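This is data.tsv. It holds TSV, C-alpha atoms.
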```
chain	number	residue	atom	x	y	z
A	16	MET	CA	25.80	64.74	-15.02
A	17	GLY	CA	27.22	67.70	-13.18
A	18	LYS	CA	24.46	68.57	-10.71
A	19	PHE	CA	26.71	67.67	-7.78
A	20	ASN	CA	30.14	68.43	-9.26
A	21	GLN	CA	32.79	69.14	-6.60
A	22	ARG	CA	30.27	68.30	-3.88
A	23	VAL	CA	30.89	65.63	-1.25
A	24	ALA	CA	28.11	63.26	-0.15
A	25	LEU	CA	28.10	60.69	2.66
A	26	VAL	CA	25.73	57.73	2.32
A	27	THR	CA	25.49	55.27	5.22
A	28	GLY	CA	24.61	51.62	4.79
A	29	ALA	CA	25.65	51.81	1.15
A	30	SER	CA	27.32	48.45	0.54
A	31	THR	CA	24.10	47.00	-0.84
A	32	GLY	CA	20.40	47.63	-1.43
A	33	VAL	CA	18.91	51.11	-1.49
A	34	GLY	CA	21.99	52.76	0.00
A	35	PHE	CA	24.15	51.40	-2.81
A	36	THR	CA	21.78	52.71	-5.47
A	37	ILE	CA	21.57	56.14	-3.79
A	38	ALA	CA	25.36	56.34	-3.76
A	39	GLN	CA	25.48	55.19	-7.38
A	40	LYS	CA	22.95	57.88	-8.35
A	41	LEU	CA	24.84	60.69	-6.60
A	42	TYR	CA	28.09	59.51	-8.19
A	43	SER	CA	26.41	59.56	-11.63
A	44	LEU	CA	25.44	63.19	-10.99
A	45	GLY	CA	29.02	64.20	-10.29
A	46	ALA	CA	29.34	63.89	-6.52
A	47	ILE	CA	32.36	62.65	-4.64
A	48	THR	CA	30.59	59.84	-2.82
A	49	VAL	CA	31.62	58.44	0.56
A	50	ILE	CA	29.98	55.12	1.40
A	51	THR	CA	29.92	53.36	4.74
A	52	GLY	CA	28.89	49.95	6.02
A	53	ARG	CA	29.80	47.31	8.58
A	54	ASN	CA	30.97	44.64	6.13
A	55	GLU	CA	34.40	45.59	4.79
A	56	VAL	CA	34.36	43.09	1.90
A	57	ALA	CA	30.90	44.11	0.66
A	58	LEU	CA	31.78	47.78	1.10
A	59	GLN	CA	34.94	47.58	-1.01
A	60	GLN	CA	33.11	45.61	-3.69
A	61	ALA	CA	30.38	48.28	-3.79
A	62	ALA	CA	32.99	51.01	-4.14
A	63	ARG	CA	34.55	49.22	-7.11
A	64	GLU	CA	31.15	48.72	-8.74
A	65	ILE	CA	30.34	52.41	-8.44
A	66	ASP	CA	33.74	53.70	-9.59
A	67	LEU	CA	36.41	51.38	-10.98
A	68	THR	CA	38.93	54.23	-10.91
A	69	GLY	CA	38.42	54.86	-7.21
A	70	GLN	CA	38.78	58.58	-7.81
A	71	ARG	CA	35.35	59.73	-6.62
A	72	VAL	CA	34.32	56.99	-4.21
A	73	TYR	CA	35.70	56.64	-0.70
A	74	ALA	CA	34.69	53.59	1.38
A	75	ILE	CA	34.87	53.71	5.18
A	76	LYS	CA	33.94	50.79	7.44
A	77	MET	CA	31.65	52.14	10.13
A	78	ASN	CA	28.84	51.20	12.52
A	79	VAL	CA	26.37	54.09	12.70
A	80	ALA	CA	25.35	53.02	16.22
A	81	ASN	CA	28.87	53.81	17.43
A	82	ALA	CA	29.27	57.54	18.09
A	83	GLN	CA	33.06	57.47	17.83
A	84	ASP	CA	32.85	55.63	14.50
A	85	PHE	CA	30.63	58.34	13.05
A	86	LYS	CA	32.73	61.18	14.48
A	87	THR	CA	35.91	59.63	13.08
A	88	THR	CA	34.28	59.09	9.67
A	89	VAL	CA	33.32	62.75	9.37
A	90	GLU	CA	36.83	63.75	10.44
A	91	LYS	CA	38.32	61.46	7.76
A	92	ILE	CA	36.08	63.02	5.10
A	93	GLU	CA	37.16	66.53	6.06
A	94	GLN	CA	40.81	65.46	6.10
A	95	GLN	CA	40.47	63.83	2.68
A	96	TYR	CA	38.32	66.40	0.89
A	97	GLY	CA	38.16	69.45	3.16
A	98	VAL	CA	34.35	69.60	2.96
A	99	LEU	CA	31.10	67.69	3.43
A	100	HIS	CA	27.92	68.92	1.73
A	101	TYR	CA	25.38	66.10	1.95
A	102	LEU	CA	24.40	63.28	4.29
A	103	VAL	CA	22.03	60.41	3.56
A	104	ASN	CA	21.17	58.53	6.76
A	105	ASN	CA	20.21	55.28	5.08
A	106	ALA	CA	21.64	52.59	7.38
A	107	GLY	CA	18.96	50.70	9.25
A	108	ILE	CA	17.68	47.28	10.28
A	109	THR	CA	14.14	45.96	10.68
A	110	GLY	CA	14.73	43.40	13.42
A	111	PRO	CA	12.53	40.29	13.82
A	112	HIS	CA	9.20	40.21	11.96
A	113	GLY	CA	5.88	38.94	13.21
A	114	VAL	CA	6.80	39.20	16.89
A	115	ASN	CA	4.45	40.88	19.36
A	116	ILE	CA	5.87	43.33	21.89
A	117	GLU	CA	5.54	40.98	24.85
A	118	ASP	CA	7.61	38.36	23.01
A	119	TYR	CA	10.12	40.71	21.41
A	120	PRO	CA	13.72	39.98	22.53
A	121	LEU	CA	15.23	42.88	24.48
A	122	GLU	CA	18.55	42.59	22.66
A	123	ALA	CA	16.77	42.90	19.30
A	124	TRP	CA	14.88	45.99	20.54
A	125	HIS	CA	18.14	47.67	21.54
A	126	GLU	CA	19.82	46.79	18.25
A	127	VAL	CA	16.99	48.29	16.18
A	128	ILE	CA	16.80	51.45	18.29
A	129	GLU	CA	20.57	51.96	18.39
A	130	THR	CA	20.92	51.50	14.63
A	131	ASP	CA	17.81	53.24	13.32
A	132	ILE	CA	17.31	56.11	15.78
A	133	THR	CA	20.66	56.61	17.49
A	134	GLY	CA	22.49	56.05	14.20
A	135	THR	CA	20.43	58.79	12.56
A	136	PHE	CA	21.10	61.08	15.54
A	137	HIS	CA	24.85	60.38	15.32
A	138	GLY	CA	24.78	61.19	11.61
A	139	MET	CA	23.25	64.60	12.13
A	140	LYS	CA	25.19	65.38	15.31
A	141	TYR	CA	28.56	64.96	13.62
A	142	SER	CA	27.71	65.91	10.04
A	143	ILE	CA	25.79	69.15	10.62
A	144	PRO	CA	28.85	71.05	11.94
A	145	ALA	CA	30.91	69.80	8.97
A	146	ILE	CA	28.21	70.79	6.48
A	147	LEU	CA	28.02	74.24	8.08
A	148	ARG	CA	31.79	74.60	7.78
A	149	SER	CA	31.42	73.72	4.10
A	150	GLY	CA	28.94	76.53	3.45
A	151	GLY	CA	25.72	74.54	3.75
A	152	GLY	CA	24.04	71.60	2.09
A	153	ALA	CA	21.30	69.09	2.74
A	154	ILE	CA	20.44	65.91	4.63
A	155	VAL	CA	17.96	63.15	3.80
A	156	ASN	CA	16.95	60.66	6.47
A	157	LEU	CA	15.41	57.32	5.51
A	158	SER	CA	12.20	56.73	7.42
A	159	ALA	CA	9.56	54.37	5.96
A	160	CYS	CA	5.87	54.25	5.14
A	161	ASN	CA	5.42	52.91	8.66
A	162	GLY	CA	6.99	56.09	9.95
A	163	VAL	CA	3.42	57.39	9.86
A	164	THR	CA	1.43	54.14	10.19
A	165	GLY	CA	1.47	51.15	12.51
A	166	ILE	CA	2.45	47.66	11.45
A	167	ALA	CA	1.87	44.75	13.82
A	168	GLY	CA	4.80	42.47	14.57
A	169	ILE	CA	7.61	44.98	14.02
A	170	ALA	CA	6.87	47.52	16.74
A	171	PRO	CA	10.52	48.54	17.40
A	172	TYR	CA	11.16	49.25	13.71
A	173	THR	CA	7.85	51.14	13.45
A	174	ALA	CA	8.72	53.17	16.56
A	175	ALA	CA	12.19	53.89	15.19
A	176	LYS	CA	10.89	55.13	11.85
A	177	HIS	CA	8.38	57.39	13.63
A	178	ALA	CA	11.27	58.75	15.68
A	179	VAL	CA	13.31	59.47	12.56
A	180	LEU	CA	10.57	61.89	11.51
A	181	GLY	CA	10.74	63.68	14.85
A	182	LEU	CA	14.51	64.02	14.58
A	183	THR	CA	14.17	65.25	10.99
A	184	ARG	CA	11.62	67.93	11.80
A	185	SER	CA	13.45	69.24	14.87
A	186	ALA	CA	16.78	69.35	13.04
A	187	ALA	CA	15.17	71.04	10.04
A	188	LEU	CA	13.81	73.82	12.26
A	189	GLU	CA	17.12	74.23	14.06
A	190	ASN	CA	18.95	74.68	10.75
A	191	ALA	CA	16.32	76.41	8.59
A	192	GLN	CA	18.23	79.70	8.55
A	193	LYS	CA	21.72	78.21	8.62
A	194	GLY	CA	21.84	76.81	5.10
A	195	ILE	CA	21.07	73.15	5.76
A	196	ARG	CA	17.82	71.59	4.57
A	197	ILE	CA	16.79	68.35	6.25
A	198	ASN	CA	14.05	66.06	4.94
A	199	ALA	CA	12.90	62.47	5.25
A	200	VAL	CA	11.57	59.94	2.78
A	201	GLY	CA	9.24	57.03	3.48
A	202	PRO	CA	9.67	54.09	1.13
A	203	GLY	CA	7.25	51.21	0.98
A	204	TYR	CA	8.50	47.75	0.04
A	205	ILE	CA	11.43	47.92	-2.36
A	206	GLU	CA	12.91	45.42	-4.79
A	207	THR	CA	16.22	44.75	-3.05
A	208	PRO	CA	18.47	41.67	-3.04
A	209	ASN	CA	17.20	40.74	0.43
A	210	ILE	CA	13.55	40.94	-0.59
A	211	SER	CA	14.24	39.13	-3.86
A	212	ALA	CA	15.52	36.22	-1.78
A	213	LEU	CA	12.18	35.84	-0.01
A	214	PRO	CA	9.55	33.29	-1.13
A	215	GLN	CA	7.60	34.38	-4.20
A	216	GLU	CA	4.30	34.46	-2.32
A	217	THR	CA	5.83	36.85	0.24
A	218	GLN	CA	7.02	39.15	-2.52
A	219	GLN	CA	3.58	39.06	-4.12
A	220	TRP	CA	1.97	39.98	-0.82
A	221	MET	CA	4.38	42.89	-0.36
A	222	ALA	CA	3.58	44.21	-3.82
A	223	SER	CA	-0.16	43.84	-3.18
A	224	THR	CA	-0.04	46.14	-0.14
A	225	HIS	CA	0.70	49.07	-2.46
A	226	PRO	CA	-2.30	50.43	-4.39
A	227	MET	CA	-0.04	50.59	-7.46
A	228	GLY	CA	0.27	46.81	-7.23
A	229	ARG	CA	4.04	46.53	-7.29
A	230	MET	CA	7.12	47.25	-5.22
A	231	ALA	CA	9.37	50.26	-5.74
A	232	THR	CA	12.64	49.98	-7.58
A	233	ARG	CA	15.75	51.13	-5.79
A	234	LEU	CA	16.27	53.81	-8.44
A	235	GLU	CA	12.84	55.28	-7.70
A	236	ILE	CA	13.98	55.88	-4.12
A	237	ALA	CA	17.39	57.21	-5.19
A	238	ASN	CA	15.83	59.69	-7.60
A	239	VAL	CA	13.75	61.30	-4.85
A	240	VAL	CA	16.72	61.42	-2.48
A	241	ALA	CA	18.84	63.11	-5.15
A	242	PHE	CA	16.06	65.63	-5.76
A	243	LEU	CA	15.85	66.49	-2.05
A	244	LEU	CA	19.60	66.99	-1.86
A	245	SER	CA	19.68	69.17	-4.97
A	246	GLU	CA	18.95	72.86	-5.38
A	247	GLU	CA	15.81	71.87	-7.26
A	248	SER	CA	14.22	71.39	-3.83
A	249	SER	CA	15.66	74.60	-2.36
A	250	PHE	CA	12.47	75.58	-0.47
A	251	ILE	CA	11.76	72.14	1.00
A	252	THR	CA	12.84	71.39	4.55
A	253	GLY	CA	11.29	69.42	7.40
A	254	ALA	CA	9.23	67.44	4.90
A	255	PHE	CA	8.28	63.78	4.81
A	256	ILE	CA	7.94	62.41	1.28
A	257	PRO	CA	6.26	58.99	1.01
A	258	ILE	CA	7.59	56.83	-1.83
A	259	ASP	CA	5.14	54.03	-1.29
A	260	GLY	CA	2.90	53.51	-4.32
A	261	GLY	CA	-0.05	54.94	-2.39
A	262	TYR	CA	0.37	52.83	0.76
A	263	THR	CA	-0.09	55.71	3.21
A	264	ALA	CA	-3.01	57.15	1.21
A	265	GLN	CA	-5.19	54.20	2.17
```
Translate the structure described by the file into structure tokens.
Amino acid sequence: MGKFNQRVALVTGASTGVGFTIAQKLYSLGAITVITGRNEVALQQAAREIDLTGQRVYAIKMNVANAQDFKTTVEKIEQQYGVLHYLVNNAGITGPHGVNIEDYPLEAWHEVIETDITGTFHGMKYSIPAILRSGGGAIVNLSACNGVTGIAGIAPYTAAKHAVLGLTRSAALENAQKGIRINAVGPGYIETPNISALPQETQQWMASTHPMGRMATRLEIANVVAFLLSEESSFITGAFIPIDGGYTAQ
């Protein structure tokens, strides 16, 4: 406890899954944690689960694909706390699975791209100036193991996660001497509520794709994100850290 005392962190897509656990982790380390999501009910429930007192968790309904939403959220954070030190661009969607490009619905393509790429762009566009005003900090973008590999049937998601790495590296170079470190992580399959709801044979297949023979826990992802935000990683920027049980080593 105490690593992030008096520091303000924004985590998108944090009403459930990995985003929730990342927010929970940062809160446990002392951060004032701002969580966002599109579902108001789930978001408020997540905030209560993280902090019953409501003193160090601030929930804001937001769609990362909407530029004005993100701009307004950052403005609210600065009005409420005066500073913003960290951003975790976690919000994302996978879109339909097992669909070849020629059959992929155009509306689904646009939704994946707007959420996963444009949402990450919005996050950095509006948060970087605030972080600079606060004296510096760090950003972690959620890519995926297929940010560096191809996976058939989810081409838009694969393209989006590749693009997140490009955004991360360019932004890291732009801010390398300004006091903001920007990195990306690449999870493999993770034990989340959504995946736990899938058929058992599907879960077993997902686990088998990792050389370690299992899926990641949400905490294993959150621990790496917290490390990359902390001063313990003070000379790391522009990096891509796979958290995939060896998937990308194959």
Applying 8 Å and all atoms listed in the file, which residues near region 94-101 of chain A remain after dropping the ones on its own chain fewer than 2 positions away? List them as a list of chain:residue names.
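Here the answer would be A:Arg22, A:Val23, A:Ala24, A:Leu25, A:Glu90, A:Lys91, A:Ile92, A:Val103, A:Ser142, A:Ala145, A:Ile146, A:Arg148, A:Ser149, A:Gly150, A:Gly151, A:Gly152, A:Ala153, A:Ile154, A:Leu244.
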Could you write out that same residue set with C-alpha atoms as an mmCIF file, in the frame of the given file?
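In the end it all went to result-v8.cif:
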```cif
data_model
loop_
_atom_site.group_PDB
_atom_site.id
_atom_site.type_symbol
_atom_site.label_atom_id
_atom_site.label_comp_id
_atom_site.auth_asym_id
_atom_site.auth_seq_id
_atom_site.Cartn_x
_atom_site.Cartn_y
_atom_site.Cartn_z
ATOM 1 C CA ARG A 22 30.270 68.300 -3.880
ATOM 2 C CA VAL A 23 30.890 65.630 -1.250
ATOM 3 C CA ALA A 24 28.110 63.260 -0.150
ATOM 4 C CA LEU A 25 28.100 60.690 2.660
ATOM 5 C CA GLU A 90 36.830 63.750 10.440
ATOM 6 C CA LYS A 91 38.320 61.460 7.760
ATOM 7 C CA ILE A 92 36.080 63.020 5.100
ATOM 8 C CA VAL A 103 22.030 60.410 3.560
ATOM 9 C CA SER A 142 27.710 65.910 10.040
ATOM 10 C CA ALA A 145 30.910 69.800 8.970
ATOM 11 C CA ILE A 146 28.210 70.790 6.480
ATOM 12 C CA ARG A 148 31.790 74.600 7.780
ATOM 13 C CA SER A 149 31.420 73.720 4.100
ATOM 14 C CA GLY A 150 28.940 76.530 3.450
ATOM 15 C CA GLY A 151 25.720 74.540 3.750
ATOM 16 C CA GLY A 152 24.040 71.600 2.090
ATOM 17 C CA ALA A 153 21.300 69.090 2.740
ATOM 18 C CA ILE A 154 20.440 65.910 4.630
ATOM 19 C CA LEU A 244 19.600 66.990 -1.860
#
```
Between A:Ser30, A:Asn156, A:Thr87, A:Gln60, single out the one closest to Val239 (chain A), counting all atoms listed in the file.
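Among the listed residues, A:Asn156 lies closest to Val239 (chain A).
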Find the residues around Val49 (chain A) up to 10 Å (all atoms listed in the file counted), leave out those fewer than 5 positions away in its own chain, and share them as a PyMOL selection string.
chain A and resi 23-27+29+38+42+62+71-75+88-89+92+99+101-102
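All residues of protein, DNA or RNA that reach within 8 Å of region 207-213 of chain A, judged by all atoms listed in the file and not counting those fewer than 6 positions away in the chain, are Gly32, Val33, Thr232 and Arg233 of chain A.
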Of A:Glu216, A:Asp259, A:Glu246, A:Glu206, the one sitting nearest Leu234 (chain A) when using only C-alpha atoms is A:Glu206
Up to 12 Å from (21.4, 50.7, 19.3) in the file's coordinates: name the residues, counting only C-alpha atoms, as JSON, numbers by chain.
{"A": [78, 79, 80, 81, 82, 107, 108, 110, 121, 122, 123, 124, 125, 126, 127, 128, 129, 130, 131, 132, 133, 134, 135, 136, 137, 171, 172, 175]}
As a check of understanding: the span from CA of Ala231 (chain A) to CA of Thr252 (chain A) is 23.8 Å
For the point (28.0, 50.1, -4.7) in the file's frame, write as a list of chain:residue names all residues with an atom no more than 9 Å away, counting all atoms listed in the file.
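Counting all atoms listed in the file, I find these residues within 9 Å of (28.0, 50.1, -4.7): A:Ala29, A:Ser30, A:Thr31, A:Gly32, A:Gly34, A:Phe35, A:Thr36, A:Ile37, A:Ala38, A:Gln39, A:Ile50, A:Ala57, A:Leu58, A:Gln59, A:Gln60, A:Ala61, A:Ala62, A:Arg63, A:Glu64, A:Ile65, A:Asp66.
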Of the candidates A:Asn190, A:Ser158, A:Thr164, A:Asn238, which shows the shortest atom-to-atom distance to Phe255 (chain A), using only C-alpha atoms?
A:Ser158
Work out how far CA of Arg196 (chain A) is from CA of Leu182 (chain A), in Å to one decimal.
13.0 Å
Could you check which of A:Pro144, A:Pro214, A:Gly113, A:Gly194 is closest to Ile169 (chain A), using all atoms listed in the file?
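Among the listed residues, the smallest separation from Ile169 (chain A) belongs to A:Gly113.
With all atoms listed in the file taken into account, the protein and nucleic acid residues at most 9 Å from Leu157 (chain A) (excluding it and anything under 4 positions from it in its own chain) are Val103, Asn104, Asn105, Ala106, Gly107, Thr135, Lys176, Val179, Leu180, Asn198, Ala199, Val200, Gly201 and Pro202 of chain A.
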Of A:Val114, A:Ile195, A:Met139, A:Leu188, the one sitting nearest Ala167 (chain A) when using all atoms listed in the file is A:Val114
For Ser245 (chain A), find every residue with an atom within 9 Å (counting only C-alpha atoms), except residues of its own chain fewer than 2 positions away, and show them as a list of chain:residue names.
A:Lys18, A:Phe19, A:Gly152, A:Ala153, A:Val240, A:Ala241, A:Phe242, A:Leu243, A:Glu247, A:Ser248, A:Ser249
Selected residue, from A:Ile236, A:Leu67, A:Leu41, A:Cys160, that lies nearest to Gln265 (chain A) when counting only C-alpha atoms
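So, comparing all the options, the nearest one is A:Cys160.
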As a CSV table (one decimal), in the frame of the given file, could you write out region 54-88 of chain A once it has been completed with N, CA and C atoms?
```
chain,number,residue,atom,x,y,z
A,54,ASN,N,30.3,45.8,6.8
A,54,ASN,CA,31.0,44.6,6.1
A,54,ASN,C,32.0,45.2,5.2
A,55,GLU,N,33.3,45.0,5.6
A,55,GLU,CA,34.4,45.6,4.8
A,55,GLU,C,34.5,45.0,3.4
A,56,VAL,N,34.3,43.7,3.2
A,56,VAL,CA,34.4,43.1,1.9
A,56,VAL,C,33.3,43.6,1.0
A,57,ALA,N,32.0,43.6,1.5
A,57,ALA,CA,30.9,44.1,0.7
A,57,ALA,C,31.1,45.6,0.3
A,58,LEU,N,31.6,46.3,1.3
A,58,LEU,CA,31.8,47.8,1.1
A,58,LEU,C,32.8,48.1,0.0
A,59,GLN,N,33.9,47.4,0.0
A,59,GLN,CA,34.9,47.6,-1.0
A,59,GLN,C,34.4,47.1,-2.4
A,60,GLN,N,33.7,46.1,-2.4
A,60,GLN,CA,33.1,45.6,-3.7
A,60,GLN,C,32.1,46.6,-4.2
A,61,ALA,N,31.3,47.2,-3.4
A,61,ALA,CA,30.4,48.3,-3.8
A,61,ALA,C,31.1,49.5,-4.3
A,62,ALA,N,32.2,49.9,-3.7
A,62,ALA,CA,33.0,51.0,-4.1
A,62,ALA,C,33.5,50.8,-5.5
A,63,ARG,N,34.0,49.5,-5.8
A,63,ARG,CA,34.6,49.2,-7.1
A,63,ARG,C,33.4,49.2,-8.2
A,64,GLU,N,32.3,48.7,-7.8
A,64,GLU,CA,31.2,48.7,-8.7
A,64,GLU,C,30.7,50.1,-9.1
A,65,ILE,N,30.8,51.0,-8.2
A,65,ILE,CA,30.3,52.4,-8.4
A,65,ILE,C,31.4,53.1,-9.3
A,66,ASP,N,32.7,53.0,-8.9
A,66,ASP,CA,33.7,53.7,-9.6
A,66,ASP,C,35.0,52.8,-9.7
A,67,LEU,N,35.2,52.2,-10.8
A,67,LEU,CA,36.4,51.4,-11.0
A,67,LEU,C,37.7,52.1,-10.8
A,68,THR,N,37.7,53.4,-11.1
A,68,THR,CA,38.9,54.2,-10.9
A,68,THR,C,39.2,54.6,-9.5
A,69,GLY,N,38.2,54.5,-8.6
A,69,GLY,CA,38.4,54.9,-7.2
A,69,GLY,C,38.7,56.3,-6.9
A,70,GLN,N,38.5,57.2,-8.0
A,70,GLN,CA,38.8,58.6,-7.8
A,70,GLN,C,37.7,59.4,-7.1
A,71,ARG,N,36.4,58.9,-7.2
A,71,ARG,CA,35.4,59.7,-6.6
A,71,ARG,C,34.5,58.9,-5.7
A,72,VAL,N,35.0,57.8,-5.2
A,72,VAL,CA,34.3,57.0,-4.2
A,72,VAL,C,35.3,56.7,-3.1
A,73,TYR,N,34.9,56.9,-1.9
A,73,TYR,CA,35.7,56.6,-0.7
A,73,TYR,C,34.9,55.8,0.2
A,74,ALA,N,35.4,54.6,0.5
A,74,ALA,CA,34.7,53.6,1.4
A,74,ALA,C,35.3,53.6,2.8
A,75,ILE,N,34.4,53.7,3.8
A,75,ILE,CA,34.9,53.7,5.2
A,75,ILE,C,34.0,52.7,6.0
A,76,LYS,N,34.7,51.7,6.6
A,76,LYS,CA,33.9,50.8,7.4
A,76,LYS,C,33.5,51.5,8.7
A,77,MET,N,32.2,51.4,9.0
A,77,MET,CA,31.6,52.1,10.1
A,77,MET,C,30.4,51.5,10.6
A,78,ASN,N,30.1,51.6,11.9
A,78,ASN,CA,28.8,51.2,12.5
A,78,ASN,C,28.2,52.5,13.0
A,79,VAL,N,27.0,52.8,12.4
A,79,VAL,CA,26.4,54.1,12.7
A,79,VAL,C,25.9,54.2,14.2
A,80,ALA,N,25.8,53.0,14.8
A,80,ALA,CA,25.4,53.0,16.2
A,80,ALA,C,26.5,53.4,17.2
A,81,ASN,N,27.7,53.5,16.6
A,81,ASN,CA,28.9,53.8,17.4
A,81,ASN,C,29.2,55.3,17.2
A,82,ALA,N,29.1,56.1,18.2
A,82,ALA,CA,29.3,57.5,18.1
A,82,ALA,C,30.7,57.9,17.6
A,83,GLN,N,31.7,57.2,18.2
A,83,GLN,CA,33.1,57.5,17.8
A,83,GLN,C,33.3,57.1,16.4
A,84,ASP,N,32.7,56.0,15.9
A,84,ASP,CA,32.8,55.6,14.5
A,84,ASP,C,32.4,56.8,13.6
A,85,PHE,N,31.2,57.3,13.9
A,85,PHE,CA,30.6,58.3,13.0
A,85,PHE,C,31.5,59.6,13.1
A,86,LYS,N,31.9,60.0,14.3
A,86,LYS,CA,32.7,61.2,14.5
A,86,LYS,C,34.0,61.0,13.7
A,87,THR,N,34.7,59.9,13.8
A,87,THR,CA,35.9,59.6,13.1
A,87,THR,C,35.7,59.6,11.6
A,88,THR,N,34.6,59.1,11.1
A,88,THR,CA,34.3,59.1,9.7
A,88,THR,C,34.2,60.5,9.1
```
